[in-house]
Every structure is written in structure tokens, then in C-alpha cells.
$ cat protein.txt   # compact mmCIF, C-alpha atoms and all ligand atoms
# COMPACT_ATOMS: atom_id res chain seq x y z
CA MET A 21 -19.75 16.90 -16.15
CA ARG A 22 -18.48 13.74 -14.46
CA TYR A 23 -19.82 12.64 -11.05
CA ILE A 24 -17.27 10.73 -9.01
CA LEU A 25 -17.39 9.44 -5.46
CA HIS A 26 -14.43 8.58 -3.25
CA SER A 27 -15.41 6.37 -0.38
CA ASP A 28 -13.18 5.79 2.62
CA LEU A 29 -13.96 3.28 5.39
CA ASN A 30 -13.43 5.11 8.68
CA ASN A 31 -10.65 3.69 10.89
CA PHE A 32 -11.07 0.51 8.92
CA TYR A 33 -9.09 -2.08 10.92
CA ALA A 34 -10.27 -0.67 14.25
CA SER A 35 -13.90 -0.49 13.04
CA VAL A 36 -13.80 -4.16 12.04
CA GLU A 37 -12.38 -5.16 15.42
CA CYS A 38 -15.13 -3.19 17.20
CA LEU A 39 -17.64 -4.96 15.00
CA LEU A 40 -16.25 -8.39 15.92
CA ASN A 41 -16.01 -7.55 19.59
CA PRO A 42 -18.55 -4.89 20.63
CA SER A 43 -17.26 -4.85 24.21
CA ILE A 44 -14.25 -2.76 23.08
CA ARG A 45 -16.46 -0.23 21.33
CA ASN A 46 -16.58 2.19 24.23
CA LYS A 47 -12.92 1.88 25.12
CA ALA A 48 -9.77 3.24 23.57
CA ALA A 49 -8.75 0.44 21.22
CA VAL A 50 -5.79 -0.01 18.91
CA VAL A 51 -5.00 -2.67 16.34
CA VAL A 52 -1.36 -3.68 16.53
CA GLY A 53 1.05 -5.78 14.53
CA ASP A 54 2.54 -8.86 16.13
CA ALA A 55 4.31 -7.71 19.32
CA GLU A 56 6.42 -10.84 19.61
CA LYS A 57 7.84 -10.39 16.16
CA ARG A 58 8.43 -6.71 16.87
CA HIS A 59 5.77 -5.46 14.49
CA GLY A 60 4.31 -4.14 17.71
CA ILE A 61 3.18 -0.80 16.38
CA VAL A 62 -0.25 0.76 16.09
CA LEU A 63 -1.78 -0.01 12.69
CA ALA A 64 -5.17 1.60 13.42
CA LYS A 65 -7.04 3.18 16.31
CA ASN A 66 -10.66 3.92 17.11
CA TYR A 67 -11.88 7.47 17.76
CA ILE A 68 -11.50 7.17 21.53
CA ALA A 69 -7.83 6.19 21.21
CA LYS A 70 -7.44 8.98 18.67
CA SER A 71 -8.85 11.49 21.14
CA TYR A 72 -5.94 10.60 23.49
CA GLY A 73 -3.52 11.49 20.70
CA VAL A 74 -2.62 7.96 19.63
CA LYS A 75 -1.23 7.89 16.10
CA THR A 76 -0.72 5.16 13.52
CA GLY A 77 2.91 4.06 13.84
CA ASP A 78 3.11 4.61 17.62
CA THR A 79 4.62 1.74 19.58
CA ILE A 80 2.28 -0.13 21.91
CA TRP A 81 4.18 1.40 24.78
CA GLU A 82 3.59 4.94 23.49
CA ALA A 83 -0.11 4.25 22.99
CA LYS A 84 -0.43 2.94 26.55
CA ASN A 85 1.33 6.02 27.88
CA LYS A 86 -0.97 8.38 26.02
CA CYS A 87 -4.13 6.60 27.15
CA MET A 88 -2.92 6.16 30.74
CA GLU A 89 -2.76 2.37 30.32
CA GLU A 90 -6.48 2.10 29.59
CA VAL A 91 -6.08 1.02 26.02
CA VAL A 92 -7.16 -2.31 24.59
CA THR A 93 -4.69 -3.76 22.12
CA VAL A 94 -6.03 -6.15 19.50
CA PRO A 95 -3.91 -8.16 17.07
CA ALA A 96 -4.60 -7.52 13.39
CA HIS A 97 -6.77 -9.99 11.46
CA PHE A 98 -5.85 -9.26 7.86
CA GLU A 99 -7.88 -12.09 6.37
CA VAL A 100 -11.05 -10.71 7.96
CA TYR A 101 -10.27 -7.17 6.74
CA LYS A 102 -9.86 -8.47 3.20
CA LYS A 103 -13.19 -10.29 3.36
CA ILE A 104 -15.05 -7.25 4.68
CA SER A 105 -13.37 -4.97 2.16
CA LYS A 106 -14.72 -7.24 -0.55
CA TYR A 107 -18.29 -7.09 0.83
CA VAL A 108 -18.12 -3.31 0.79
CA LYS A 109 -16.66 -3.13 -2.71
CA ASP A 110 -19.38 -5.49 -3.94
CA ILE A 111 -21.89 -2.92 -2.68
CA TYR A 112 -20.08 -0.21 -4.68
CA ARG A 113 -20.03 -2.46 -7.75
CA SER A 114 -23.78 -2.91 -7.50
CA HIS A 115 -24.07 0.83 -8.23
CA SER A 116 -21.51 1.23 -11.01
CA ASN A 117 -19.23 -0.79 -13.27
CA ARG A 118 -16.50 1.81 -12.74
CA VAL A 119 -15.08 1.10 -9.30
CA GLU A 120 -11.38 1.54 -8.69
CA SER A 121 -9.82 0.41 -5.42
CA PHE A 122 -7.21 2.53 -3.71
CA GLY A 123 -5.87 0.24 -0.99
CA ILE A 124 -8.03 -2.03 1.15
CA ASP A 125 -10.33 0.69 2.53
CA GLU A 126 -10.76 3.26 -0.25
CA ALA A 127 -12.32 3.32 -3.71
CA TRP A 128 -13.48 5.68 -6.41
CA ILE A 129 -16.92 5.09 -7.92
CA ASP A 130 -17.91 6.81 -11.15
CA ILE A 131 -21.67 7.42 -11.05
CA THR A 132 -21.89 9.74 -14.08
CA GLU A 133 -24.31 7.41 -15.82
CA ARG A 134 -26.59 7.19 -12.79
CA VAL A 135 -27.20 10.86 -11.94
CA LYS A 136 -27.94 14.19 -13.62
CA ASN A 137 -26.64 16.74 -11.12
CA PHE A 138 -24.79 17.16 -7.81
CA LYS A 139 -28.01 16.91 -5.82
CA GLU A 140 -28.69 13.43 -7.20
CA ALA A 141 -25.02 12.51 -6.77
CA GLU A 142 -25.22 13.49 -3.11
CA GLU A 143 -28.39 11.42 -2.67
CA LEU A 144 -26.75 8.36 -4.18
CA ALA A 145 -23.66 8.88 -1.99
CA ASN A 146 -25.89 8.94 1.10
CA LYS A 147 -27.69 5.83 -0.08
CA ILE A 148 -24.36 3.99 -0.43
CA ARG A 149 -23.17 5.29 2.95
CA LEU A 150 -26.30 3.94 4.67
CA GLN A 151 -26.18 0.67 2.76
CA VAL A 152 -22.63 -0.02 3.95
CA LEU A 153 -23.61 0.85 7.50
CA MET A 154 -26.73 -1.38 7.45
CA GLU A 155 -25.31 -4.34 5.56
CA VAL A 156 -21.74 -4.41 6.86
CA GLY A 157 -21.93 -2.39 10.05
CA ILE A 158 -19.14 0.12 9.56
CA THR A 159 -19.16 3.79 8.62
CA VAL A 160 -17.74 5.41 5.51
CA SER A 161 -16.97 8.98 4.54
CA ILE A 162 -17.73 9.86 0.95
CA GLY A 163 -16.54 12.75 -1.15
CA VAL A 164 -18.63 13.73 -4.19
CA SER A 165 -16.95 15.70 -6.96
CA PHE A 166 -16.28 16.06 -10.66
CA ASN A 167 -12.78 14.56 -10.56
CA LYS A 168 -10.90 11.90 -8.57
CA VAL A 169 -8.57 14.27 -6.72
CA PHE A 170 -11.35 16.48 -5.31
CA ALA A 171 -13.51 13.45 -4.52
CA LYS A 172 -10.65 12.12 -2.40
CA LEU A 173 -10.30 15.45 -0.61
CA GLY A 174 -14.07 15.34 -0.01
CA SER A 175 -13.91 11.96 1.75
CA ASP A 176 -11.26 13.37 4.08
CA TYR A 177 -13.13 16.59 4.74
CA LYS A 178 -15.76 15.34 7.17
CA LYS A 179 -15.44 12.12 9.16
CA PRO A 180 -16.89 9.75 10.24
CA ASN A 181 -20.10 8.71 8.50
CA ALA A 182 -20.46 11.79 6.30
CA VAL A 183 -20.88 12.99 2.73
CA THR A 184 -19.13 16.10 1.41
CA VAL A 185 -19.92 17.61 -1.98
CA ILE A 186 -17.17 19.51 -3.79
CA SER A 187 -18.80 20.86 -6.93
CA ASP A 188 -17.63 23.11 -9.75
CA LYS A 189 -19.43 25.92 -7.86
CA ASN A 190 -17.97 25.50 -4.36
CA TYR A 191 -14.50 24.01 -4.86
CA LYS A 192 -12.74 27.32 -4.41
CA ASP A 193 -14.42 27.76 -1.00
CA ILE A 194 -13.79 24.23 0.21
CA VAL A 195 -10.57 23.07 -1.43
CA TRP A 196 -8.50 26.21 -1.81
CA PRO A 197 -8.15 27.06 1.92
CA LEU A 198 -6.79 23.54 2.67
CA PRO A 199 -3.04 23.14 3.30
CA CYS A 200 -1.13 22.32 0.11
CA ASN A 201 0.01 18.94 1.40
CA ASP A 202 -3.60 17.71 1.59
CA LEU A 203 -3.30 17.38 -2.17
CA ILE A 204 -2.30 13.96 -3.45
CA PHE A 205 1.42 13.79 -4.39
CA VAL A 206 2.41 16.76 -2.23
CA GLY A 207 4.66 15.08 0.32
CA ALA A 208 6.84 16.60 3.02
CA LYS A 209 9.67 17.54 0.64
CA THR A 210 7.40 19.24 -1.90
CA LYS A 211 5.52 20.98 0.88
CA ALA A 212 8.77 22.45 2.25
CA LYS A 213 9.70 23.69 -1.21
CA LEU A 214 6.27 25.25 -1.74
CA ASN A 215 6.24 26.87 1.70
CA LYS A 216 9.62 28.45 0.98
CA ASN A 217 7.94 30.16 -1.97
CA ASN A 218 5.03 31.37 0.17
CA ILE A 219 2.73 28.69 -1.20
CA VAL A 220 0.82 27.40 1.81
CA THR A 221 -2.67 26.43 0.65
CA ILE A 222 -4.03 24.57 -2.35
CA GLY A 223 -5.43 27.90 -3.54
CA ASP A 224 -1.90 29.32 -3.48
CA ILE A 225 -0.83 26.54 -5.87
CA ALA A 226 -3.64 27.46 -8.28
CA ASN A 227 -2.80 31.15 -8.04
CA ALA A 228 0.93 30.57 -8.54
CA GLY A 229 0.15 29.56 -12.13
CA LYS A 230 1.21 26.68 -14.31
CA ASP A 231 4.50 28.19 -15.51
CA PHE A 232 5.70 28.97 -12.01
CA MET A 233 4.79 25.51 -10.75
CA ARG A 234 6.55 23.86 -13.68
CA GLU A 235 9.66 25.91 -13.08
CA LEU A 236 9.66 25.05 -9.38
CA LEU A 237 8.89 21.31 -9.55
CA GLY A 238 9.13 20.25 -13.17
CA LYS A 239 6.51 17.97 -14.68
CA ASN A 240 5.23 17.05 -11.23
CA GLY A 241 4.57 20.75 -10.55
CA GLU A 242 2.39 20.92 -13.61
CA SER A 243 0.29 17.95 -12.43
CA ILE A 244 -0.06 19.44 -8.96
CA TYR A 245 -1.20 22.72 -10.52
CA ASN A 246 -3.80 20.86 -12.59
CA PHE A 247 -5.04 18.98 -9.51
CA ALA A 248 -5.41 22.24 -7.55
CA CYS A 249 -7.50 23.75 -10.35
CA GLY A 250 -9.81 20.75 -10.62
CA LEU A 251 -8.40 19.79 -14.02
CA ASP A 252 -7.65 16.17 -13.14
CA CYS A 253 -9.31 14.11 -15.87
CA SER A 254 -7.98 10.63 -15.06
CA PRO A 255 -10.75 8.05 -15.44
CA VAL A 256 -12.07 5.71 -12.76
CA LYS A 257 -11.05 2.27 -13.93
CA MET A 258 -13.60 -0.27 -15.05
CA VAL A 259 -14.20 -3.22 -12.74
CA GLY A 260 -11.62 -5.89 -13.57
CA GLU A 261 -9.36 -3.46 -15.40
CA GLU A 262 -6.20 -4.08 -13.42
CA ASP A 263 -3.02 -2.14 -13.62
CA LYS A 264 -0.16 -3.88 -15.28
CA ILE A 265 2.11 -5.12 -12.52
CA LYS A 266 5.37 -3.15 -12.42
CA SER A 267 7.08 -4.85 -9.53
CA VAL A 268 6.68 -7.62 -6.97
CA GLY A 269 8.17 -7.01 -3.56
CA ASN A 270 8.39 -8.35 -0.05
CA SER A 271 9.87 -6.73 3.02
CA THR A 272 10.06 -7.56 6.70
CA THR A 273 10.97 -5.94 9.96
CA CYS A 274 13.23 -8.65 11.35
CA PRO A 275 12.35 -10.36 14.65
CA LYS A 276 15.77 -9.19 15.92
CA ASP A 277 18.30 -6.66 14.65
CA LEU A 278 20.62 -8.42 12.21
CA LYS A 279 24.34 -8.41 12.99
CA THR A 280 25.96 -10.84 10.56
CA ASP A 281 26.17 -11.58 6.84
CA ALA A 282 24.73 -15.03 7.49
CA GLU A 283 21.61 -13.58 9.11
CA VAL A 284 21.13 -11.13 6.23
CA LYS A 285 21.51 -13.95 3.74
CA SER A 286 18.83 -16.00 5.51
CA VAL A 287 16.29 -13.17 5.48
CA ILE A 288 17.04 -12.34 1.85
CA TYR A 289 16.33 -15.97 0.90
CA ILE A 290 13.04 -15.99 2.81
CA LEU A 291 11.91 -12.81 1.03
CA ALA A 292 13.18 -13.85 -2.40
CA GLU A 293 11.35 -17.17 -2.18
CA ASN A 294 8.05 -15.43 -1.68
CA VAL A 295 8.72 -12.84 -4.39
CA ALA A 296 9.56 -15.62 -6.85
CA LYS A 297 6.52 -17.62 -5.86
CA ARG A 298 4.21 -14.66 -6.44
CA MET A 299 5.81 -14.02 -9.85
CA ARG A 300 5.43 -17.65 -10.90
CA ALA A 301 1.78 -17.63 -9.81
CA LYS A 302 1.17 -14.78 -12.28
CA ASN A 303 3.53 -16.16 -14.92
CA LEU A 304 5.87 -13.17 -14.73
CA TRP A 305 9.63 -12.79 -15.05
CA CYS A 306 11.85 -9.94 -13.88
CA THR A 307 14.95 -8.28 -15.28
CA GLU A 308 15.98 -6.29 -12.21
CA VAL A 309 16.40 -6.96 -8.51
CA CYS A 310 16.21 -4.24 -5.88
CA LEU A 311 17.29 -4.47 -2.25
CA THR A 312 16.12 -2.16 0.55
CA ILE A 313 18.12 -2.02 3.76
CA LYS A 314 16.98 -0.07 6.81
CA ASN A 315 19.35 0.08 9.76
CA SER A 316 18.50 0.43 13.43
CA LYS A 317 18.75 4.22 13.13
CA LEU A 318 15.99 3.94 10.51
CA GLN A 319 18.22 5.20 7.70
CA SER A 320 17.45 3.31 4.56
CA ILE A 321 19.03 2.69 1.18
CA ASP A 322 17.63 1.22 -2.02
CA ARG A 323 19.91 -0.30 -4.66
CA GLN A 324 19.09 -2.19 -7.79
CA ARG A 325 20.88 -4.35 -10.30
CA LYS A 326 20.01 -5.51 -13.83
CA LEU A 327 20.05 -9.22 -14.56
CA GLU A 328 21.75 -10.87 -17.52
CA SER A 329 18.53 -12.63 -18.45
CA PRO A 330 14.97 -12.64 -17.06
CA THR A 331 14.21 -14.91 -14.12
CA ASN A 332 11.57 -15.89 -11.61
CA LEU A 333 13.84 -18.15 -9.58
CA ALA A 334 14.24 -17.46 -5.88
CA GLY A 335 17.84 -18.70 -6.02
CA VAL A 336 18.83 -16.12 -8.66
CA ILE A 337 16.92 -13.24 -7.07
CA ALA A 338 18.38 -14.00 -3.64
CA SER A 339 21.94 -14.31 -4.85
CA VAL A 340 21.75 -10.99 -6.74
CA ALA A 341 20.15 -9.29 -3.72
CA TYR A 342 22.93 -10.67 -1.54
CA GLU A 343 25.59 -9.47 -4.00
CA ILE A 344 24.04 -6.01 -3.79
CA PHE A 345 24.17 -6.22 -0.03
CA LYS A 346 27.86 -7.23 0.01
CA SER A 347 28.86 -4.41 -2.28
CA GLU A 348 26.68 -1.67 -0.78
CA TYR A 349 26.55 -2.18 2.98
CA ALA A 350 29.52 -1.62 5.23
CA TRP A 351 27.92 -2.68 8.55
CA SER A 352 27.88 0.82 10.01
CA ASP A 353 24.87 -0.30 12.06
CA THR A 354 22.77 -3.35 12.75
CA ILE A 355 19.87 -3.94 10.37
CA ARG A 356 16.21 -3.68 11.22
CA LEU A 357 14.41 -4.20 7.93
CA LEU A 358 15.16 -5.84 4.61
CA GLY A 359 13.13 -5.70 1.42
CA VAL A 360 13.57 -7.58 -1.85
CA ARG A 361 11.79 -6.40 -4.96
CA ALA A 362 11.72 -7.75 -8.49
CA SER A 363 11.16 -5.12 -11.16
CA GLY A 364 11.54 -4.73 -14.90
CA ILE A 365 8.66 -7.19 -15.08
CA CYS A 366 8.18 -9.01 -18.37
CA ASP A 367 6.42 -12.04 -19.81
CA LYS A 368 8.10 -15.40 -20.31
CA PRO A 369 11.28 -14.93 -22.33
CA LEU A 370 11.13 -16.61 -25.73
CA GLN A 371 14.73 -17.56 -25.75
CA TYR A 372 17.39 -17.43 -23.08
CA ASN A 373 20.79 -15.98 -23.64
CA PHE A 374 22.81 -18.38 -25.84
CA PHE A 375 25.46 -18.89 -23.18
CA ILE A 376 23.03 -19.90 -20.47
CA ASN A 377 22.27 -23.55 -19.85
CA GLU A 378 18.53 -23.69 -20.36
CA ASP A 379 18.05 -27.26 -19.04
CA ASN A 380 19.55 -26.21 -15.79
CA ILE A 381 17.12 -23.32 -15.47
CA ILE A 382 14.15 -25.55 -16.23
CA LYS A 383 15.27 -28.03 -13.58
CA LYS A 384 15.54 -25.33 -10.97
CA GLN A 385 12.19 -23.98 -12.00
CA ARG A 386 10.56 -27.41 -11.48
CA LEU A 387 12.15 -27.66 -8.06
CA GLU A 388 10.86 -24.28 -6.95
CA GLU A 389 7.40 -25.01 -8.35
CA THR A 390 7.33 -28.24 -6.34
CA ILE A 391 8.16 -26.24 -3.22
CA ASP A 392 5.34 -23.77 -4.03
CA GLU A 393 2.95 -26.67 -4.31
CA LEU A 394 4.08 -28.30 -1.05
CA ARG A 395 3.64 -25.01 0.75
CA SER A 396 0.23 -24.32 -0.70
CA ARG A 397 -0.92 -27.74 0.47
CA PHE A 398 0.78 -28.05 3.85
CA GLY A 399 1.61 -24.48 4.88
CA TYR A 400 4.61 -22.25 4.46
CA LYS A 401 6.76 -23.89 7.12
CA ILE A 402 6.61 -27.42 5.66
CA ILE A 403 9.94 -26.79 3.97
CA THR A 404 12.79 -24.47 4.95
CA ARG A 405 16.11 -23.59 3.39
CA ALA A 406 19.08 -24.94 5.34
CA CYS A 407 20.55 -21.45 5.74
CA VAL A 408 17.38 -20.31 7.55
CA LYS A 409 16.77 -23.41 9.64
CA GLY A 410 19.68 -22.83 12.01
CA ASP A 411 18.27 -19.57 13.34
CA ILE A 412 15.25 -20.07 15.58
CA GLU A 413 14.19 -16.42 15.64
CA LEU A 414 14.62 -15.77 11.93
CA SER A 415 12.81 -18.96 11.03
CA THR A 416 9.66 -17.45 12.61
CA ILE A 417 9.36 -15.04 9.66
CA ASP A 418 6.45 -16.03 7.45
CA PRO A 419 6.62 -13.80 4.37
CA THR A 420 3.20 -14.92 3.21
CA GLU A 421 1.59 -12.90 6.02
CA PRO A 422 -0.17 -10.01 4.29
CA GLN A 423 1.64 -7.17 6.07
CA HIS A 424 4.85 -8.14 4.27
CA ASN A 425 3.48 -7.69 0.79
CA ILE A 426 4.35 -4.42 -0.86
CA HIS A 427 1.51 -3.33 -3.09
CA PRO A 428 2.58 -0.89 -5.75
CA LEU A 429 0.35 2.17 -5.70
CA SER A 430 -1.38 2.67 -8.97
CA PHE A 431 -2.85 6.17 -8.74
CA LEU A 432 -2.38 8.33 -11.86
CA LYS A 433 0.70 7.67 -13.91
MG MG B 501 -9.83 4.75 5.80
$ encode --input "protein.txt" --output "C-alpha cells"
Amino acid sequence: MRYILHSDLNNFYASVECLLNPSIRNKAAVVVGDAEKRHGIVLAKNYIAKSYGVKTGDTIWEAKNKCMEEVVTVPAHFEVYKKISKYVKDIYRSHSNRVESFGIDEAWIDITERVKNFKEAEELANKIRLQVLMEVGITVSIGVSFNKVFAKLGSDYKKPNAVTVISDKNYKDIVWPLPCNDLIFVGAKTKAKLNKNNIVTIGDIANAGKDFMRELLGKNGESIYNFACGLDCSPVKMVGEEDKIKSVGNSTTCPKDLKTDAEVKSVIYILAENVAKRMRAKNLWCTEVCLTIKNSKLQSIDRQRKLESPTNLAGVIASVAYEIFKSEYAWSDTIRLLGVRASGICDKPLQYNFFINEDNIIKKQRLEETIDELRSRFGYKIITRACVKGDIELSTIDPTEPQHNIHPLSFLK
């Protein structure tokens, strides 16, 4: 039997803000993105704001309406969240060398080697819960189970500051009555499909049987069936055992809706520069470029294109992304968000295509590396592309701010 914990920091961003500023503790408080740059949406809320019905993703205006104006809005401090997340994960690592992060505020901890039964596992979970509260000052909810999927359900089951045990004896009582979309990988589309077939709870998935689930949803259906039955056997990764990077992406909600090709080109260059910089820092190349466009009606498209040879040059990535834009977007609406992603990640190519001028590539590479260095020493805005400079609003975008980074999820292949 394996013993696995899933620990989830409750209302993480909001809890940190309450910790930094105790005077907002007893008020409805929300953490918001930068209002001036139009990221002015709720990123996290404390329990009081939640009790008024405030949801993540609400606009500041909606949150104020729901709380009858009595809501405190706090700007996000991502650097502080990262630091505190690390403190907490160091506590987890002091209990096991198998700790796998799932985002900034969640982690699995395999404690199989530390305990003999569920009673001891529950005791250790409570010890960790109290340690985080005493040493860091925020609450966690912990699920205790024999696989990662059920442990995650356990951390969601009772909040805040709680431990829930889902054992091989009680999982049918606790897990099976839950709605099917509580299960990881069951999104809105899958849920609709399942509901159409009278599958409403997680127990219904288990009872539908493997063959039926495979027929309905293919390979994914089979995994979901296994999860529902507690048959998930994916390991908790060892500390330091990172996933191989599959893509590097950056996106931004623009400070104003974009109306012209020139504006789109500017934003694409800003994003591509940061994507390329992050690839160079890890010594990676890409063979594909993907562009995401979301218009002001929030409809979005994703298109990708293969490259003739691998690159990590912003100039190449940007020009391919812009080519995609020109061939795929007909300006039916103004544009709210753009994202540039490099995929088909590979190591340094041994030899470039025979027809490509290698000296030229090396020169460009040196230039971009010099820019990276200037920016790391003097800040991002020390140097700006001419095409961006002309636009005062667009030049306020700083793609190195953490909310722009797209982190590929790594859970279960
Ligand atoms: Mg959380």
C-alpha cells in the first residue's frame, strides 16, 4: 500500500496578503491583477469575500457589486508568493524526498516510507498541517490516500485547515458520491458527454465499466475509469526530478484592444523576445511556433507552424508568429489577448540545414544574448524594439512579469 498526501494551501494569494497585512483579515479581500493594464480581475479571494459570492475571474467591478462596495482590493505580489511557496515546500521536503509540485500552492508528498498504516499517515498529515501553520502562518488542506488522484480529491473535500483520509476501505463512501467533474481530467465537455449517458457521479463512472468508458471517450475514458476505481498508480516524483520541458510560452492581455497589424506585430515581438530568452537560458531550441489569438468576444484560435530548422531567436519566432497571424486572422474583431509559444523543443542542433547561412545565425544569436544580458543587469525596459517604442500603451507590457508565463501542466502523461 502506498501512502500519499496532497497538500493545498487555502486561498493562497489571499492568505499571504492577509498575513502581510493583518488589518484586512476581517474584511472581504480580493487579490487582483494590475487594474491599469486591464488585468483587473480577481485572482484570489479570502473566505469573507467568498461568502459574498465573489469568484476567481470576476472583474473588480463585479466583486465590489457583490460585496456592496466593502471589499478591499490588493495588488498581487507574485515574488512574495513564490518565496512563501518555497518555504512551505521545504517543510514538505523535510518529511520526504518524494515531493511533486502541482502549481505554486499544491504538492503531492509520498510518505510510504515513513508510515505503516492510514492512522499514522493521518497523524503525519496533521503534523505537517500544524507545522505550516506555525512556521509560515497559513492554513493547508491535506488529503491522505493510496494514490495521487484520491489524495487530490481529499485535499478538496474539507477546507480550510483540515485533513481528509480516503482509504481503500472508505473510498466508495467518500469519492463515489462526488460529481464526475471533480475527477481530474473531467472538464466541462467530458462532463456533458457523461451526463448525457446518465453518468453523474464518480461512482457512476466506476460502475459504467472500462469497456463502456473506452467506447465513449477513447483512451482518455479508460484513464478516467481507472482514476474512479482508485487504480491510478502514477508515482510522486523525486525531489529535483523535473519534467522534460515540452513548450515555452508567453501570453498577455493587451493594455488596449488591438486594432491594427502594426499593433499585433509589436505585441508578438515583445512576447517572442521573452520566449526566446527563456529558451536560451535553458539551452533549448524549438521546431514549431504556435500563436494564440483571443478577440474581444473572447473567441480564441490556436495555430501552429513547423520551422525549417530549429531556432531560439526572437526574430525568427516573431516573424513566423506574425506570418501565422496574417494568414489566419481576418480582423473580424479587435484583439484582446495574444500568446506566442515555442514547441517541438529540442537540444542544440548539431548541424544547420545546408542552405542556411550559419554565420548569420550565430551573429543574431550573439546580438540577442547581449540584449538578454543588458536586461538582466538593468531591467527589461533598458532596450526596446523600434516597432514597440512608438506605442506608449503597448510599451508598458513587461512580459517578464510572472502572470504572463505559461507553465505547462505536468500531471500524468
Ligand atoms: Mg489552493
$ closest_residue --input "protein.txt" --among "A:Lys70, A:Lys266, A:Arg134, A:Lys297" --to "A:Ala83" --atoms "all atoms listed in the file"
A:Lys70
$ residues_around --input "protein.txt" --residues "stretch 42-48 of chain A" --least-positions-apart "6" --cutoff "7 Å" --atoms "only C-alpha atoms" --output "PyMOL selection string"
chain A and resi 66+68-69+90-92
$ residues_near_point --input "protein.txt" --point "(-16.7, -1.2, 4.7)" --cutoff "6 Å" --atoms "all atoms listed in the file" --output "list in words"
Leu29, Ser105, Val108 and Ile158 of chain A
$ closest_residue --input "protein.txt" --among "A:Ile24, A:Val256, A:Ile219, A:Ala171" --to "A:Ser121" --atoms "only C-alpha atoms"
A:Val256
$ atom_distance --input "protein.txt" --atom1 "atom CA of A:Lys211" --atom2 "atom CA of A:Asp231"
17.9 Å
$ residues_near_ligand --input "protein.txt" --ligand "ligand MG 501 (chain B)" --cutoff "6 Å" --atoms "only C-alpha atoms and all ligand atoms" --output "list in words"
Asp28, Leu29, Asn30, Asn31, Phe32 and Asp125 of chain A
$ closest_residue --input "protein.txt" --among "A:Ile124, A:Ala49, A:Lys106, A:Ser316" --to "A:Glu89" --atoms "all atoms listed in the file"
A:Ala49
$ closest_residue --input "protein.txt" --among "A:Asn240, A:Glu120, A:Lys109, A:Leu173" --to "A:Gly207" --atoms "all atoms listed in the file"
A:Asn240
$ residues_around --input "protein.txt" --residues "A:Leu25" --least-positions-apart "2" --cutoff "8 Å" --atoms "all atoms listed in the file" --output "VMD selection string"
chain A and resid 23 27 128 to 131 145 162 to 165 168 171 to 172
$ closest_residue --input "protein.txt" --among "A:Leu214, A:Ala141, A:Glu126, A:Thr354" --to "A:Lys317" --atoms "all atoms listed in the file"
A:Thr354
$ closest_residue --input "protein.txt" --among "A:Asn217, A:Thr280, A:Asn181, A:Thr159" --to "A:Asp353" --atoms "only C-alpha atoms"
A:Thr280
$ residues_around --input "protein.txt" --residues "A:Tyr101" --least-positions-apart "3" --cutoff "8 Å" --atoms "all atoms listed in the file" --output "VMD selection string"
chain A and resid 33 36 97 to 98 104 to 105 124
$ axis_aligned_box --input "protein.txt" --around "stretch 244-259 of chain A" --padding-each-side "4 Å" --output "AutoDock Vina command-line options"
--center_x -7.1 --center_y 10.3 --center_z -11.7 --size_x 22.1 --size_y 35.0 --size_z 16.3
$ atom_distance --input "protein.txt" --atom1 "atom CA of A:Leu358" --atom2 "atom CA of A:Ala208"
24.0 Å
$ atom_distance --input "protein.txt" --atom1 "atom CA of A:Glu293" --atom2 "atom CA of A:Trp351"
24.5 Å
$ residues_around --input "protein.txt" --residues "stretch 282-284 of chain A" --least-positions-apart "4" --cutoff "9 Å" --atoms "only C-alpha atoms" --output "short mmCIF file (atom, residue, chain, number, x, y, z; two decimals) with C-alpha atoms, in the coordinates of the input"
data_model
loop_
_atom_site.label_atom_id
_atom_site.label_comp_id
_atom_site.auth_asym_id
_atom_site.auth_seq_id
_atom_site.Cartn_x
_atom_site.Cartn_y
_atom_site.Cartn_z
CA LEU A 278 20.62 -8.42 12.21
CA ILE A 288 17.04 -12.34 1.85
CA TYR A 289 16.33 -15.97 0.90
CA TYR A 342 22.93 -10.67 -1.54
CA PHE A 345 24.17 -6.22 -0.03
CA ILE A 355 19.87 -3.94 10.37
CA LEU A 358 15.16 -5.84 4.61
CA CYS A 407 20.55 -21.45 5.74
CA VAL A 408 17.38 -20.31 7.55
CA ASP A 411 18.27 -19.57 13.34
CA LEU A 414 14.62 -15.77 11.93
#
$ residues_around --input "protein.txt" --residues "A:Asp252" --least-positions-apart "3" --cutoff "8 Å" --atoms "only C-alpha atoms" --output "ChimeraX atom specification"
/A:167-169,246-247
$ residues_near_point --input "protein.txt" --point "(9.6, -27.8, -0.5)" --cutoff "9 Å" --atoms "only C-alpha atoms" --output "MDAnalysis selection string"
chainID A and resid 387:395 400 402:405
